[in-house]
$ cat data-v1.pdb   # PDB, C-alpha atoms
ATOM      1  CA  MET P   1     -13.754   5.443  40.595
ATOM      2  CA  ILE P   2     -10.861   7.716  41.439
ATOM      3  CA  VAL P   3      -7.407   7.833  39.882
ATOM      4  CA  ARG P   4      -4.601   8.905  42.179
ATOM      5  CA  PRO P   5      -0.780   8.737  42.370
ATOM      6  CA  ALA P   6       0.505   5.340  43.458
ATOM      7  CA  THR P   7       2.671   4.954  46.536
ATOM      8  CA  GLU P   8       4.949   2.159  47.657
ATOM      9  CA  GLN P   9       2.074   1.042  49.923
ATOM     10  CA  ASP P  10       0.097   0.115  46.798
ATOM     11  CA  ALA P  11       2.662  -2.477  45.676
ATOM     12  CA  ASP P  12       0.766  -5.400  47.251
ATOM     13  CA  ALA P  13      -2.375  -4.376  45.381
ATOM     14  CA  ILE P  14      -0.587  -3.661  42.079
ATOM     15  CA  TRP P  15       1.277  -6.945  41.776
ATOM     16  CA  PRO P  16      -1.897  -9.129  41.568
ATOM     17  CA  ILE P  17      -2.938  -6.948  38.617
ATOM     18  CA  MET P  18       0.471  -7.130  36.926
ATOM     19  CA  GLU P  19       1.187 -10.790  37.568
ATOM     20  CA  PRO P  20      -1.438 -12.421  35.300
ATOM     21  CA  ILE P  21      -0.691  -9.895  32.545
ATOM     22  CA  VAL P  22       3.083 -10.468  32.732
ATOM     23  CA  ARG P  23       2.711 -14.270  33.020
ATOM     24  CA  GLY P  24       0.203 -14.356  30.147
ATOM     25  CA  GLY P  25       2.646 -12.585  27.819
ATOM     26  CA  GLU P  26      -0.078 -11.648  25.346
ATOM     27  CA  THR P  27       0.082  -7.856  25.467
ATOM     28  CA  TYR P  28       3.363  -6.654  27.028
ATOM     29  CA  THR P  29       6.945  -7.142  25.900
ATOM     30  CA  LEU P  30       8.069  -8.099  29.386
ATOM     31  CA  PRO P  31       9.726 -11.402  30.266
ATOM     32  CA  ARG P  32       6.936 -13.790  31.293
ATOM     33  CA  ASP P  33       9.055 -15.048  34.178
ATOM     34  CA  MET P  34       9.810 -11.543  35.493
ATOM     35  CA  THR P  35       9.971 -11.497  39.287
ATOM     36  CA  ARG P  36       7.555  -9.492  41.439
ATOM     37  CA  GLU P  37      10.486  -7.333  42.525
ATOM     38  CA  ASP P  38      11.653  -6.560  38.978
ATOM     39  CA  ALA P  39       8.131  -5.921  37.705
ATOM     40  CA  LEU P  40       7.317  -3.498  40.522
ATOM     41  CA  ALA P  41      10.703  -1.781  40.154
ATOM     42  CA  PHE P  42      10.008  -1.286  36.428
ATOM     43  CA  TRP P  43       6.553   0.126  37.177
ATOM     44  CA  PHE P  44       7.667   2.469  39.956
ATOM     45  CA  GLU P  45      10.677   3.691  37.959
ATOM     46  CA  HIS P  46       8.141   6.043  36.353
ATOM     47  CA  GLU P  47       5.303   8.183  37.696
ATOM     48  CA  ALA P  48       2.698   5.546  38.605
ATOM     49  CA  PHE P  49      -1.020   5.953  39.255
ATOM     50  CA  VAL P  50      -3.790   3.644  40.465
ATOM     51  CA  ALA P  51      -7.521   3.485  39.785
ATOM     52  CA  GLU P  52      -9.436   2.801  42.959
ATOM     53  CA  GLU P  53     -13.042   1.685  43.315
ATOM     54  CA  ASP P  54     -14.796   0.946  46.620
ATOM     55  CA  GLY P  55     -11.418   1.052  48.341
ATOM     56  CA  GLY P  56      -9.896  -1.604  46.023
ATOM     57  CA  ILE P  57      -7.306  -1.023  43.307
ATOM     58  CA  VAL P  58      -8.611  -2.128  39.911
ATOM     59  CA  GLY P  59      -6.053  -0.638  37.545
ATOM     60  CA  THR P  60      -2.695   1.068  37.284
ATOM     61  CA  TYR P  61      -0.778   3.098  34.747
ATOM     62  CA  PHE P  62       2.467   5.014  34.468
ATOM     63  CA  LEU P  63       3.378   8.193  32.646
ATOM     64  CA  ARG P  64       6.855   9.102  31.417
ATOM     65  CA  PRO P  65       8.603  10.963  28.629
ATOM     66  CA  ASN P  66       8.897   8.548  25.694
ATOM     67  CA  GLN P  67      12.351   9.842  24.791
ATOM     68  CA  GLN P  68      14.922  12.155  26.319
ATOM     69  CA  GLY P  69      16.373  15.369  24.894
ATOM     70  CA  GLY P  70      14.659  16.559  21.721
ATOM     71  CA  GLY P  71      11.972  13.882  22.115
ATOM     72  CA  SER P  72      11.011  14.614  25.714
ATOM     73  CA  HIS P  73       7.845  16.559  24.834
ATOM     74  CA  VAL P  74       6.113  13.294  23.855
ATOM     75  CA  ALA P  75       4.631  11.246  26.692
ATOM     76  CA  ASN P  76       4.360   7.490  26.931
ATOM     77  CA  CYS P  77       2.044   5.436  29.144
ATOM     78  CA  ALA P  78       1.394   1.825  30.001
ATOM     79  CA  TYR P  79      -1.913   0.639  31.421
ATOM     80  CA  MET P  80      -2.965  -2.501  33.246
ATOM     81  CA  THR P  81      -6.518  -3.294  34.312
ATOM     82  CA  ALA P  82      -7.244  -6.002  36.868
ATOM     83  CA  PRO P  83      -8.427  -9.115  34.993
ATOM     84  CA  TRP P  84     -11.373  -9.332  37.444
ATOM     85  CA  ALA P  85     -12.526  -5.802  36.585
ATOM     86  CA  ARG P  86     -12.482  -5.788  32.789
ATOM     87  CA  ARG P  87     -15.075  -4.169  30.503
ATOM     88  CA  ARG P  88     -16.033  -1.527  33.037
ATOM     89  CA  GLY P  89     -14.281   1.443  31.470
ATOM     90  CA  ILE P  90     -11.299   1.411  33.810
ATOM     91  CA  ALA P  91      -8.665   1.692  31.063
ATOM     92  CA  ARG P  92     -10.669   4.497  29.449
ATOM     93  CA  THR P  93     -10.866   6.388  32.739
ATOM     94  CA  MET P  94      -7.126   5.927  33.314
ATOM     95  CA  CYS P  95      -6.287   7.080  29.781
ATOM     96  CA  LEU P  96      -8.415  10.215  30.152
ATOM     97  CA  HIS P  97      -6.588  10.902  33.414
ATOM     98  CA  ALA P  98      -3.251  10.322  31.673
ATOM     99  CA  LEU P  99      -4.097  12.651  28.789
ATOM    100  CA  ALA P 100      -5.078  15.432  31.199
ATOM    101  CA  THR P 101      -2.036  14.862  33.418
ATOM    102  CA  ALA P 102       0.322  14.783  30.434
ATOM    103  CA  LYS P 103      -1.103  18.019  29.082
ATOM    104  CA  GLU P 104      -0.771  19.620  32.519
ATOM    105  CA  ARG P 105       2.879  18.493  32.625
ATOM    106  CA  GLY P 106       3.519  20.283  29.325
ATOM    107  CA  PHE P 107       3.712  17.265  27.033
ATOM    108  CA  ARG P 108       2.582  17.975  23.476
ATOM    109  CA  ALA P 109       1.697  14.446  22.365
ATOM    110  CA  MET P 110       1.367  10.874  23.620
ATOM    111  CA  GLN P 111       2.810   7.808  21.930
ATOM    112  CA  PHE P 112       2.231   4.087  22.491
ATOM    113  CA  ASN P 113       5.230   2.277  21.064
ATOM    114  CA  PHE P 114       3.985  -1.253  20.926
ATOM    115  CA  VAL P 115       0.301  -2.196  20.867
ATOM    116  CA  VAL P 116       0.016  -5.870  19.937
ATOM    117  CA  ALA P 117      -2.280  -6.101  16.910
ATOM    118  CA  THR P 118      -4.233  -9.029  18.366
ATOM    119  CA  ASN P 119      -5.163  -6.783  21.303
ATOM    120  CA  GLU P 120      -8.149  -5.447  19.378
ATOM    121  CA  ARG P 121      -9.943  -4.086  22.398
ATOM    122  CA  ALA P 122      -6.955  -1.872  23.238
ATOM    123  CA  MET P 123      -6.561  -0.650  19.646
ATOM    124  CA  TRP P 124     -10.249   0.172  19.476
ATOM    125  CA  LEU P 125     -10.172   1.945  22.839
ATOM    126  CA  TRP P 126      -7.144   4.090  22.010
ATOM    127  CA  GLN P 127      -8.632   4.995  18.630
ATOM    128  CA  SER P 128     -11.873   6.030  20.332
ATOM    129  CA  LEU P 129      -9.749   8.346  22.488
ATOM    130  CA  GLY P 130      -8.184  10.058  19.497
ATOM    131  CA  PHE P 131      -5.053   7.977  18.922
ATOM    132  CA  ALA P 132      -4.114   7.133  15.352
ATOM    133  CA  ILE P 133      -2.171   4.112  14.165
ATOM    134  CA  VAL P 134       0.946   5.799  12.763
ATOM    135  CA  GLY P 135       3.077   2.712  12.242
ATOM    136  CA  ARG P 136       2.904  -1.047  11.845
ATOM    137  CA  LEU P 137       5.725  -3.402  12.874
ATOM    138  CA  PRO P 138       5.411  -6.647  10.925
ATOM    139  CA  ASP P 139       5.685  -9.823  13.029
ATOM    140  CA  ALA P 140       7.283  -7.826  15.835
ATOM    141  CA  PHE P 141       5.578  -9.770  18.632
ATOM    142  CA  LEU P 142       5.699 -13.481  19.400
ATOM    143  CA  HIS P 143       2.247 -14.214  20.813
ATOM    144  CA  PRO P 144       2.069 -17.344  22.965
ATOM    145  CA  ALA P 145      -1.062 -18.563  21.151
ATOM    146  CA  HIS P 146      -0.952 -16.899  17.722
ATOM    147  CA  GLY P 147       2.768 -16.969  16.909
ATOM    148  CA  TYR P 148       4.357 -13.935  15.227
ATOM    149  CA  VAL P 149       1.872 -11.069  14.987
ATOM    150  CA  ASP P 150       2.186  -7.371  14.147
ATOM    151  CA  ALA P 151       2.400  -4.555  16.637
ATOM    152  CA  VAL P 152       1.292  -0.990  15.959
ATOM    153  CA  VAL P 153       2.574   2.417  17.014
ATOM    154  CA  MET P 154      -0.176   4.802  18.155
ATOM    155  CA  TYR P 155       0.077   8.566  18.541
ATOM    156  CA  ARG P 156      -2.060  11.534  19.432
ATOM    157  CA  GLU P 157      -1.408  15.208  19.934
ATOM    158  CA  LEU P 158      -2.494  16.806  23.196
TER     159      LEU P 158
ATOM    160  CA  MET K   1      38.257  -0.705   7.856
ATOM    161  CA  ILE K   2      37.483  -3.346  10.441
ATOM    162  CA  VAL K   3      34.536  -3.536  12.817
ATOM    163  CA  ARG K   4      35.195  -5.211  16.152
ATOM    164  CA  PRO K   5      33.645  -5.439  19.637
ATOM    165  CA  ALA K   6      34.350  -2.369  21.765
ATOM    166  CA  THR K   7      36.137  -2.664  25.081
ATOM    167  CA  GLU K   8      36.353  -0.294  28.029
ATOM    168  CA  GLN K   9      39.769   0.733  26.642
ATOM    169  CA  ASP K  10      37.976   2.308  23.665
ATOM    170  CA  ALA K  11      36.050   4.782  25.838
ATOM    171  CA  ASP K  12      38.581   7.583  25.297
ATOM    172  CA  ALA K  13      38.242   7.169  21.534
ATOM    173  CA  ILE K  14      34.444   6.772  21.565
ATOM    174  CA  TRP K  15      33.645   9.888  23.584
ATOM    175  CA  PRO K  16      35.099  12.364  21.017
ATOM    176  CA  ILE K  17      32.748  10.757  18.469
ATOM    177  CA  MET K  18      29.725  10.876  20.776
ATOM    178  CA  GLU K  19      30.306  14.310  22.245
ATOM    179  CA  PRO K  20      29.627  16.500  19.177
ATOM    180  CA  ILE K  21      26.613  14.374  18.253
ATOM    181  CA  VAL K  22      25.132  14.544  21.771
ATOM    182  CA  ARG K  23      25.912  18.272  22.143
ATOM    183  CA  GLY K  24      24.515  19.039  18.678
ATOM    184  CA  GLY K  25      21.183  17.421  19.550
ATOM    185  CA  GLU K  26      20.132  17.114  15.913
ATOM    186  CA  THR K  27      19.811  13.360  15.536
ATOM    187  CA  TYR K  28      19.611  11.632  18.927
ATOM    188  CA  THR K  29      17.022  11.949  21.702
ATOM    189  CA  LEU K  30      19.692  12.261  24.356
ATOM    190  CA  PRO K  31      20.038  15.225  26.720
ATOM    191  CA  ARG K  32      22.426  17.658  25.046
ATOM    192  CA  ASP K  33      24.145  18.278  28.391
ATOM    193  CA  MET K  34      24.637  14.568  29.100
ATOM    194  CA  THR K  35      27.915  13.924  30.894
ATOM    195  CA  ARG K  36      30.726  11.857  29.385
ATOM    196  CA  GLU K  37      30.178   9.290  32.127
ATOM    197  CA  ASP K  38      26.422   8.941  31.502
ATOM    198  CA  ALA K  39      26.826   8.845  27.726
ATOM    199  CA  LEU K  40      29.469   6.119  27.852
ATOM    200  CA  ALA K  41      27.445   4.167  30.441
ATOM    201  CA  PHE K  42      24.425   4.307  28.125
ATOM    202  CA  TRP K  43      26.524   3.122  25.178
ATOM    203  CA  PHE K  44      28.256   0.291  27.011
ATOM    204  CA  GLU K  45      25.026  -0.906  28.626
ATOM    205  CA  HIS K  46      24.521  -2.719  25.320
ATOM    206  CA  GLU K  47      26.807  -4.754  23.063
ATOM    207  CA  ALA K  48      29.023  -2.055  21.558
ATOM    208  CA  PHE K  49      31.264  -2.202  18.488
ATOM    209  CA  VAL K  50      33.790   0.146  16.915
ATOM    210  CA  ALA K  51      34.886   0.767  13.336
ATOM    211  CA  GLU K  52      38.646   1.134  13.127
ATOM    212  CA  GLU K  53      40.673   2.526  10.265
ATOM    213  CA  ASP K  54      44.467   2.893  10.261
ATOM    214  CA  GLY K  55      44.456   2.227  13.995
ATOM    215  CA  GLY K  56      41.976   5.051  14.725
ATOM    216  CA  ILE K  57      38.348   4.647  15.757
ATOM    217  CA  VAL K  58      36.027   6.368  13.276
ATOM    218  CA  GLY K  59      32.635   5.013  14.290
ATOM    219  CA  THR K  60      30.724   3.056  16.886
ATOM    220  CA  TYR K  61      27.421   1.253  17.165
ATOM    221  CA  PHE K  62      25.525  -0.885  19.632
ATOM    222  CA  LEU K  63      23.196  -3.829  19.150
ATOM    223  CA  ARG K  64      20.448  -4.864  21.563
ATOM    224  CA  PRO K  65      17.002  -6.440  21.612
ATOM    225  CA  ASN K  66      14.485  -3.646  20.958
ATOM    226  CA  GLN K  67      12.003  -5.104  23.428
ATOM    227  CA  GLN K  68      11.966  -7.852  26.019
ATOM    228  CA  GLY K  69       9.738 -10.930  26.199
ATOM    229  CA  GLY K  70       7.589 -11.460  23.109
ATOM    230  CA  GLY K  71       9.419  -8.633  21.312
ATOM    231  CA  SER K  72      12.975  -9.817  21.924
ATOM    232  CA  HIS K  73      13.453 -11.293  18.430
ATOM    233  CA  VAL K  74      13.677  -7.772  16.958
ATOM    234  CA  ALA K  75      17.056  -6.043  17.204
ATOM    235  CA  ASN K  76      17.750  -2.361  17.630
ATOM    236  CA  CYS K  77      20.949  -0.450  16.855
ATOM    237  CA  ALA K  78      22.338   3.039  17.215
ATOM    238  CA  TYR K  79      25.210   4.302  15.084
ATOM    239  CA  MET K  80      27.588   7.204  15.432
ATOM    240  CA  THR K  81      30.213   8.166  12.861
ATOM    241  CA  ALA K  82      33.063  10.518  13.743
ATOM    242  CA  PRO K  83      32.233  13.960  12.354
ATOM    243  CA  TRP K  84      35.743  14.088  10.846
ATOM    244  CA  ALA K  85      35.188  10.850   8.919
ATOM    245  CA  ARG K  86      31.788  11.387   7.298
ATOM    246  CA  ARG K  87      30.813  10.388   3.740
ATOM    247  CA  ARG K  88      33.247   7.495   3.628
ATOM    248  CA  GLY K  89      30.781   4.641   4.018
ATOM    249  CA  ILE K  90      31.489   4.055   7.692
ATOM    250  CA  ALA K  91      27.842   3.940   8.778
ATOM    251  CA  ARG K  92      27.062   1.614   5.885
ATOM    252  CA  THR K  93      29.894  -0.728   6.857
ATOM    253  CA  MET K  94      28.755  -0.701  10.490
ATOM    254  CA  CYS K  95      25.142  -1.390   9.514
ATOM    255  CA  LEU K  96      26.140  -4.322   7.307
ATOM    256  CA  HIS K  97      28.135  -5.661  10.259
ATOM    257  CA  ALA K  98      25.141  -5.139  12.543
ATOM    258  CA  LEU K  99      22.754  -6.922  10.170
ATOM    259  CA  ALA K 100      25.083  -9.924   9.928
ATOM    260  CA  THR K 101      25.708  -9.983  13.678
ATOM    261  CA  ALA K 102      22.005  -9.676  14.485
ATOM    262  CA  LYS K 103      21.156 -12.538  12.132
ATOM    263  CA  GLU K 104      23.902 -14.657  13.677
ATOM    264  CA  ARG K 105      22.441 -13.913  17.137
ATOM    265  CA  GLY K 106      19.070 -15.234  15.982
ATOM    266  CA  PHE K 107      17.229 -11.919  15.621
ATOM    267  CA  ARG K 108      14.499 -11.987  12.955
ATOM    268  CA  ALA K 109      14.253  -8.262  12.225
ATOM    269  CA  MET K 110      15.857  -4.909  13.021
ATOM    270  CA  GLN K 111      13.982  -1.764  14.031
ATOM    271  CA  PHE K 112      15.093   1.864  14.317
ATOM    272  CA  ASN K 113      12.625   3.575  16.639
ATOM    273  CA  PHE K 114      13.402   7.184  16.015
ATOM    274  CA  VAL K 115      15.108   8.466  12.863
ATOM    275  CA  VAL K 116      14.759  12.245  12.754
ATOM    276  CA  ALA K 117      13.139  13.143   9.435
ATOM    277  CA  THR K 118      15.587  15.992   8.780
ATOM    278  CA  ASN K 119      18.400  13.415   8.898
ATOM    279  CA  GLU K 120      17.914  12.674   5.210
ATOM    280  CA  ARG K 121      21.281  11.051   4.731
ATOM    281  CA  ALA K 122      20.468   8.459   7.403
ATOM    282  CA  MET K 123      16.995   7.771   6.009
ATOM    283  CA  TRP K 124      18.438   7.346   2.537
ATOM    284  CA  LEU K 125      21.225   5.080   3.798
ATOM    285  CA  TRP K 126      18.912   2.802   5.801
ATOM    286  CA  GLN K 127      16.515   2.557   2.875
ATOM    287  CA  SER K 128      19.395   1.591   0.582
ATOM    288  CA  LEU K 129      20.127  -1.209   3.060
ATOM    289  CA  GLY K 130      16.599  -2.588   2.889
ATOM    290  CA  PHE K 131      14.875  -0.737   5.712
ATOM    291  CA  ALA K 132      11.354   0.533   5.112
ATOM    292  CA  ILE K 133       9.708   3.508   6.773
ATOM    293  CA  VAL K 134       6.889   1.770   8.674
ATOM    294  CA  GLY K 135       5.754   4.693  10.786
ATOM    295  CA  ARG K 136       5.836   8.469  11.047
ATOM    296  CA  LEU K 137       5.677  10.364  14.356
ATOM    297  CA  PRO K 138       4.399  13.882  13.715
ATOM    298  CA  ASP K 139       6.430  16.659  15.354
ATOM    299  CA  ALA K 140       8.007  14.116  17.694
ATOM    300  CA  PHE K 141      11.441  15.777  17.696
ATOM    301  CA  LEU K 142      12.430  19.285  18.704
ATOM    302  CA  HIS K 143      15.305  20.107  16.376
ATOM    303  CA  PRO K 144      17.576  22.895  17.630
ATOM    304  CA  ALA K 145      17.502  24.673  14.244
ATOM    305  CA  HIS K 146      14.253  23.533  12.585
ATOM    306  CA  GLY K 147      11.856  23.384  15.547
ATOM    307  CA  TYR K 148       9.376  20.499  15.759
ATOM    308  CA  VAL K 149      10.009  17.949  13.033
ATOM    309  CA  ASP K 150       8.790  14.406  12.384
ATOM    310  CA  ALA K 151      10.636  11.240  13.235
ATOM    311  CA  VAL K 152      10.200   7.941  11.418
ATOM    312  CA  VAL K 153      10.244   4.305  12.489
ATOM    313  CA  MET K 154      12.274   2.047  10.178
ATOM    314  CA  TYR K 155      12.153  -1.743  10.006
ATOM    315  CA  ARG K 156      13.619  -4.586   8.065
ATOM    316  CA  GLU K 157      13.447  -8.345   8.299
ATOM    317  CA  LEU K 158      16.696 -10.312   8.503
TER     318      LEU K 158
END
$ encode --input "data-v1.pdb" --output "structure tokens"
Amino acid sequence: MIVRPATEQDADAIWPIMEPIVRGGETYTLPRDMTREDALAFWFEHEAFVAEEDGGIVGTYFLRPNQQGGGSHVANCAYMTAPWARRRGIARTMCLHALATAKERGFRAMQFNFVVATNERAMWLWQSLGFAIVGRLPDAFLHPAHGYVDAVVMYREL
Amino acid sequence: MIVRPATEQDADAIWPIMEPIVRGGETYTLPRDMTREDALAFWFEHEAFVAEEDGGIVGTYFLRPNQQGGGSHVANCAYMTAPWARRRGIARTMCLHALATAKERGFRAMQFNFVVATNERAMWLWQSLGFAIVGRLPDAFLHPAHGYVDAVVMYREL
């Protein structure tokens, strides 16, 4: 598996990964009815990357400063793995790539602002990569199946 | 003091409040060299309000959903008080207005994502209005005088 910068030519391969995640509404605070155009514009607004395996794209992430000004030394990322390629370490590989890239860019820490607490696999994965839960937002997410659930803030120095 | 919706006609009164706060860079994660145009565009992108006293504007705040989709029931606000009108309860009055307005709009909670930990007056004020510190971001803010300092996440149900 390689991780490389995304280009506009990857849009047709990225959308089938994003679409079920956006429509499912279980992990991201994006409108479930977001259009392809708006979703791709949101993704490509930042520095986007793709994970490629056997010539097919199986995951994507973006890297950006989490805040401007005095907060711009902390990075933020969002990751999406293709539903048909789960449990193969793709998110882990992308996160390791993101941590190295962020450090190279001069960021001093990485923050995830909103990890839905029912997304246990993600919380476990980020913790295994050195992120700590530094905050808990009570009932901050309306899960389509579970109703109001907590979200957590995760943080790690680089 | 009255708090009312801001209009484009208030821009000339809002900028002198924003400018020293943006240029100072001690409390907001905005670029210190942000232009008047960009700062006002950022402010008016959301639902903005002003606090008016004796016909003069002494404070401003905006209200918005903190997240989209499954997170859109949590409100977020930013407040700025005129440096020449501090310690007169203006931020408190604006926050009480924001809490009532947010509740009226159907929000279920309010979150402040990034309160700089050296901004003790703000932390004390929000706590006195029922906000709890639910997270702490280590060294997440580069303060122009104090170097890297923590920021906190504050949250309260409505």
$ calpha_fit_and_write --input "data-v1.pdb" --fixed "chain K" --moving "chain P" --output "CSV table (one decimal) with C-alpha atoms, keeping the file's coordinate frame"
chain,number,residue,atom,x,y,z
P,1,MET,CA,38.3,-0.7,7.9
P,2,ILE,CA,37.5,-3.3,10.5
P,3,VAL,CA,34.5,-3.6,12.8
P,4,ARG,CA,35.2,-5.2,16.1
P,5,PRO,CA,33.6,-5.4,19.6
P,6,ALA,CA,34.3,-2.4,21.8
P,7,THR,CA,36.1,-2.7,25.1
P,8,GLU,CA,36.3,-0.3,28.0
P,9,GLN,CA,39.8,0.7,26.6
P,10,ASP,CA,38.0,2.3,23.7
P,11,ALA,CA,36.1,4.8,25.8
P,12,ASP,CA,38.6,7.6,25.3
P,13,ALA,CA,38.3,7.2,21.5
P,14,ILE,CA,34.5,6.8,21.6
P,15,TRP,CA,33.6,9.9,23.6
P,16,PRO,CA,35.1,12.4,21.0
P,17,ILE,CA,32.8,10.8,18.5
P,18,MET,CA,29.7,10.9,20.8
P,19,GLU,CA,30.3,14.3,22.3
P,20,PRO,CA,29.6,16.5,19.2
P,21,ILE,CA,26.6,14.4,18.3
P,22,VAL,CA,25.1,14.6,21.8
P,23,ARG,CA,25.9,18.3,22.1
P,24,GLY,CA,24.5,19.0,18.7
P,25,GLY,CA,21.2,17.4,19.6
P,26,GLU,CA,20.1,17.1,15.9
P,27,THR,CA,19.8,13.4,15.5
P,28,TYR,CA,19.6,11.6,18.9
P,29,THR,CA,17.0,12.0,21.7
P,30,LEU,CA,19.7,12.3,24.4
P,31,PRO,CA,20.0,15.2,26.7
P,32,ARG,CA,22.4,17.7,25.1
P,33,ASP,CA,24.1,18.3,28.4
P,34,MET,CA,24.6,14.6,29.1
P,35,THR,CA,27.9,13.9,30.9
P,36,ARG,CA,30.7,11.9,29.4
P,37,GLU,CA,30.2,9.3,32.1
P,38,ASP,CA,26.4,9.0,31.5
P,39,ALA,CA,26.8,8.9,27.7
P,40,LEU,CA,29.5,6.1,27.9
P,41,ALA,CA,27.5,4.2,30.4
P,42,PHE,CA,24.4,4.3,28.1
P,43,TRP,CA,26.5,3.1,25.2
P,44,PHE,CA,28.3,0.3,27.0
P,45,GLU,CA,25.0,-0.9,28.6
P,46,HIS,CA,24.5,-2.7,25.3
P,47,GLU,CA,26.8,-4.8,23.1
P,48,ALA,CA,29.0,-2.1,21.6
P,49,PHE,CA,31.3,-2.2,18.5
P,50,VAL,CA,33.8,0.1,16.9
P,51,ALA,CA,34.9,0.8,13.3
P,52,GLU,CA,38.6,1.1,13.1
P,53,GLU,CA,40.7,2.5,10.3
P,54,ASP,CA,44.5,2.9,10.3
P,55,GLY,CA,44.5,2.2,14.0
P,56,GLY,CA,42.0,5.0,14.7
P,57,ILE,CA,38.3,4.6,15.7
P,58,VAL,CA,36.0,6.4,13.3
P,59,GLY,CA,32.6,5.0,14.3
P,60,THR,CA,30.7,3.1,16.9
P,61,TYR,CA,27.4,1.3,17.2
P,62,PHE,CA,25.5,-0.9,19.6
P,63,LEU,CA,23.2,-3.8,19.2
P,64,ARG,CA,20.4,-4.9,21.6
P,65,PRO,CA,17.0,-6.4,21.6
P,66,ASN,CA,14.5,-3.6,21.0
P,67,GLN,CA,12.0,-5.1,23.4
P,68,GLN,CA,12.0,-7.8,26.0
P,69,GLY,CA,9.8,-10.9,26.2
P,70,GLY,CA,7.6,-11.5,23.1
P,71,GLY,CA,9.4,-8.6,21.3
P,72,SER,CA,13.0,-9.8,21.9
P,73,HIS,CA,13.5,-11.3,18.4
P,74,VAL,CA,13.7,-7.8,17.0
P,75,ALA,CA,17.1,-6.0,17.2
P,76,ASN,CA,17.7,-2.4,17.6
P,77,CYS,CA,20.9,-0.5,16.9
P,78,ALA,CA,22.3,3.0,17.2
P,79,TYR,CA,25.2,4.3,15.1
P,80,MET,CA,27.6,7.2,15.4
P,81,THR,CA,30.2,8.2,12.9
P,82,ALA,CA,33.1,10.5,13.7
P,83,PRO,CA,32.2,14.0,12.3
P,84,TRP,CA,35.8,14.1,10.8
P,85,ALA,CA,35.2,10.8,8.9
P,86,ARG,CA,31.8,11.4,7.3
P,87,ARG,CA,30.8,10.4,3.7
P,88,ARG,CA,33.2,7.5,3.6
P,89,GLY,CA,30.8,4.7,4.0
P,90,ILE,CA,31.5,4.1,7.7
P,91,ALA,CA,27.9,3.9,8.8
P,92,ARG,CA,27.1,1.6,5.9
P,93,THR,CA,29.9,-0.7,6.8
P,94,MET,CA,28.8,-0.7,10.5
P,95,CYS,CA,25.1,-1.4,9.5
P,96,LEU,CA,26.1,-4.3,7.3
P,97,HIS,CA,28.1,-5.7,10.2
P,98,ALA,CA,25.1,-5.1,12.5
P,99,LEU,CA,22.7,-6.9,10.2
P,100,ALA,CA,25.1,-9.9,9.9
P,101,THR,CA,25.7,-10.0,13.7
P,102,ALA,CA,22.0,-9.7,14.5
P,103,LYS,CA,21.1,-12.5,12.1
P,104,GLU,CA,23.9,-14.7,13.7
P,105,ARG,CA,22.4,-13.9,17.1
P,106,GLY,CA,19.1,-15.2,16.0
P,107,PHE,CA,17.2,-11.9,15.6
P,108,ARG,CA,14.5,-12.0,13.0
P,109,ALA,CA,14.3,-8.3,12.2
P,110,MET,CA,15.9,-4.9,13.0
P,111,GLN,CA,14.0,-1.8,14.0
P,112,PHE,CA,15.1,1.9,14.3
P,113,ASN,CA,12.6,3.6,16.6
P,114,PHE,CA,13.4,7.2,16.0
P,115,VAL,CA,15.1,8.5,12.9
P,116,VAL,CA,14.8,12.3,12.8
P,117,ALA,CA,13.1,13.2,9.4
P,118,THR,CA,15.6,16.0,8.8
P,119,ASN,CA,18.4,13.4,8.9
P,120,GLU,CA,17.9,12.7,5.2
P,121,ARG,CA,21.3,11.1,4.7
P,122,ALA,CA,20.5,8.5,7.4
P,123,MET,CA,17.0,7.8,6.0
P,124,TRP,CA,18.4,7.3,2.5
P,125,LEU,CA,21.2,5.1,3.8
P,126,TRP,CA,18.9,2.8,5.8
P,127,GLN,CA,16.5,2.6,2.9
P,128,SER,CA,19.4,1.6,0.6
P,129,LEU,CA,20.1,-1.2,3.1
P,130,GLY,CA,16.6,-2.6,2.9
P,131,PHE,CA,14.9,-0.7,5.7
P,132,ALA,CA,11.4,0.5,5.1
P,133,ILE,CA,9.7,3.5,6.8
P,134,VAL,CA,6.9,1.8,8.7
P,135,GLY,CA,5.7,4.7,10.8
P,136,ARG,CA,5.8,8.5,11.0
P,137,LEU,CA,5.7,10.4,14.4
P,138,PRO,CA,4.4,13.9,13.7
P,139,ASP,CA,6.4,16.7,15.4
P,140,ALA,CA,8.0,14.1,17.7
P,141,PHE,CA,11.4,15.8,17.7
P,142,LEU,CA,12.4,19.3,18.7
P,143,HIS,CA,15.3,20.1,16.4
P,144,PRO,CA,17.6,22.9,17.6
P,145,ALA,CA,17.5,24.7,14.3
P,146,HIS,CA,14.3,23.5,12.6
P,147,GLY,CA,11.9,23.4,15.6
P,148,TYR,CA,9.4,20.5,15.8
P,149,VAL,CA,10.0,17.9,13.0
P,150,ASP,CA,8.8,14.4,12.4
P,151,ALA,CA,10.6,11.2,13.2
P,152,VAL,CA,10.2,7.9,11.4
P,153,VAL,CA,10.2,4.3,12.5
P,154,MET,CA,12.3,2.0,10.2
P,155,TYR,CA,12.1,-1.7,10.0
P,156,ARG,CA,13.6,-4.6,8.1
P,157,GLU,CA,13.4,-8.4,8.3
P,158,LEU,CA,16.7,-10.3,8.5
$ resolve_selection --input "data-v1.pdb" --expression "the PyMOL selection byres ((chain P) within 7 of (chain K))" --output "number ranges by chain"
P: 25, 29-32, 67-71, 74, 134-137, 140-143
$ resolve_selection --input "data-v1.pdb" --expression "the PyMOL selection byres ((chain P and resi 55-64) around 7)" --output "ChimeraX atom specification"
/P:13,43,46-54,65-66,75-82,85,90
$ atom_distance --input "data-v1.pdb" --atom1 "CA of Ala39 in chain K" --atom2 "CA of Ala11 in chain K"
10.3 Å
